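Here's the structure we're looking at; comments come further down.
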Amino acid sequence: MSIWGIGGKLVLYTALFSAVIVPINSHFLPQWCFTWMPENVALVLGSVFVLIGGVILAMSIIPVTGAFRKGKLASTGIYSVVRNPLYSAWIVFILPGMAIMSRYFLWWLIPVFTYIVFKMLIKKEDTYLEERLGEEYRAYRSKVNELIPRIWPHRKNK
């Protein structure tokens, strides 16, 4: 598996899906727009989401590339909070931020689609990491969530 894991496929499938959804909504169903949210509010709120996602992306790239080159697990910093912050940045922040800015209803299908594809593809990345890092990765996976940080502490079964 490459340093980018499932990222290339996830981006490709998302781009292809978006290439269908965006024209459908903007050209054929423009009335499917959230008019209750003023355009300037949508722009500010969406921009905040995209900015947060960009910060998460920036915080994710250096640790994972360094760890990959050393054959180690990235599990500190942002990786101590969420296992897949690169994907989280896109699925939880950037794509929803773009949907908010657009105010188009169908654009919300893009992060949902990306999440579904992520869930299907991430198994391969998890298997690779488990085979390569063994118990270290299994322990890490049991403590740290995939995309959204845990709100409550992890409890072990007694």
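By order of appearance in the structure tokens: chains A, B, ..., then residues from 1 within every chain, and ligands from 1 in the order shown.
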
List the neighbours of A:Thr65 out to 12 Å using only C-alpha atoms; skip same-chain residues closer than 3 positions along the sequence, and give me the result as number ranges by chain.
-> A: 2-5, 58-62, 68-74, 86

Dump as a PDB file, in the first residue's frame, selection limited to C-alpha atoms:
ATOM      1  CA  SER A   2       1.270   3.479  -0.844  1.00  0.00           C
ATOM      2  CA  ILE A   3       1.767   6.317   1.586  1.00  0.00           C
ATOM      3  CA  TRP A   4      -1.627   7.712   0.519  1.00  0.00           C
ATOM      4  CA  GLY A   5      -3.553   4.564   1.471  1.00  0.00           C
ATOM      5  CA  ALA A  58      -2.165  20.414   7.388  1.00  0.00           C
ATOM      6  CA  MET A  59      -1.778  18.898  10.859  1.00  0.00           C
ATOM      7  CA  SER A  60      -2.122  15.383   9.405  1.00  0.00           C
ATOM      8  CA  ILE A  61       0.258  15.273   6.461  1.00  0.00           C
ATOM      9  CA  ILE A  62       3.679  15.667   8.110  1.00  0.00           C
ATOM     10  CA  PHE A  68       5.220   5.858   6.972  1.00  0.00           C
ATOM     11  CA  ARG A  69       8.818   6.401   5.861  1.00  0.00           C
ATOM     12  CA  LYS A  70      10.068   4.994   9.176  1.00  0.00           C
ATOM     13  CA  GLY A  71       7.645   2.042   9.040  1.00  0.00           C
ATOM     14  CA  LYS A  72       5.955   3.236  12.222  1.00  0.00           C
ATOM     15  CA  LEU A  73       2.423   4.066  13.301  1.00  0.00           C
ATOM     16  CA  ALA A  74       1.391   7.729  13.411  1.00  0.00           C
ATOM     17  CA  LEU A  86      -6.932  13.200   6.421  1.00  0.00           C
TER      18      LEU A  86
END

May I have the residues within 12 Å of A:Tyr115 as a PyMOL selection string, using only C-alpha atoms and disregarding those fewer than 2 positions away in the same chain?
-> chain A and resi 10-11+13-14+87-93+95-96+108-113+117-122+146-147

Just write the chosen residues, C-alpha atoms, as a short mmCIF file (atom, residue, chain, number, x, y, z; two decimals), in the first residue's frame.
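Okay, part_19.cif is ready:
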data_model
loop_
_atom_site.label_atom_id
_atom_site.label_comp_id
_atom_site.auth_asym_id
_atom_site.auth_seq_id
_atom_site.Cartn_x
_atom_site.Cartn_y
_atom_site.Cartn_z
CA LEU A 10 -11.56 7.95 -2.43
CA VAL A 11 -10.77 11.19 -4.26
CA TYR A 13 -14.84 8.15 -6.67
CA THR A 14 -15.85 11.38 -4.94
CA TYR A 87 -10.21 11.51 5.51
CA SER A 88 -11.99 13.13 8.45
CA ALA A 89 -10.99 16.58 7.21
CA TRP A 90 -12.72 15.90 3.90
CA ILE A 91 -15.76 13.90 5.04
CA VAL A 92 -16.62 15.85 8.19
CA PHE A 93 -15.50 19.38 7.31
CA LEU A 95 -17.20 18.52 1.74
CA PRO A 96 -19.98 19.59 4.16
CA TRP A 108 -25.17 16.90 0.82
CA LEU A 109 -25.10 13.55 -0.97
CA ILE A 110 -21.40 14.06 -1.72
CA PRO A 111 -20.07 13.74 1.87
CA VAL A 112 -22.56 10.91 2.50
CA PHE A 113 -21.34 9.08 -0.62
CA VAL A 117 -17.01 4.65 -0.01
CA PHE A 118 -14.58 5.33 2.85
CA LYS A 119 -16.24 2.61 4.97
CA MET A 120 -15.91 0.14 2.09
CA LEU A 121 -12.28 0.99 1.28
CA ILE A 122 -10.83 1.56 4.77
CA GLU A 146 -11.91 6.37 12.78
CA LEU A 147 -13.19 9.82 11.84
#

Which residue gives the smallest distance to A:Gly54 among A:Pro85, A:Gly8, A:Gly77, A:Pro23, with only C-alpha atoms counted?
-> A:Pro85

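For the choices A:Phe49, A:Tyr140, A:Phe34, A:Tyr79, the atom-to-atom distance to A:Ile94 is smallest for A:Phe49 when using only C-alpha atoms.
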
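Here atom CA of A:Ser18 and atom CA of A:Phe105 stand 13.0 Å from one another.
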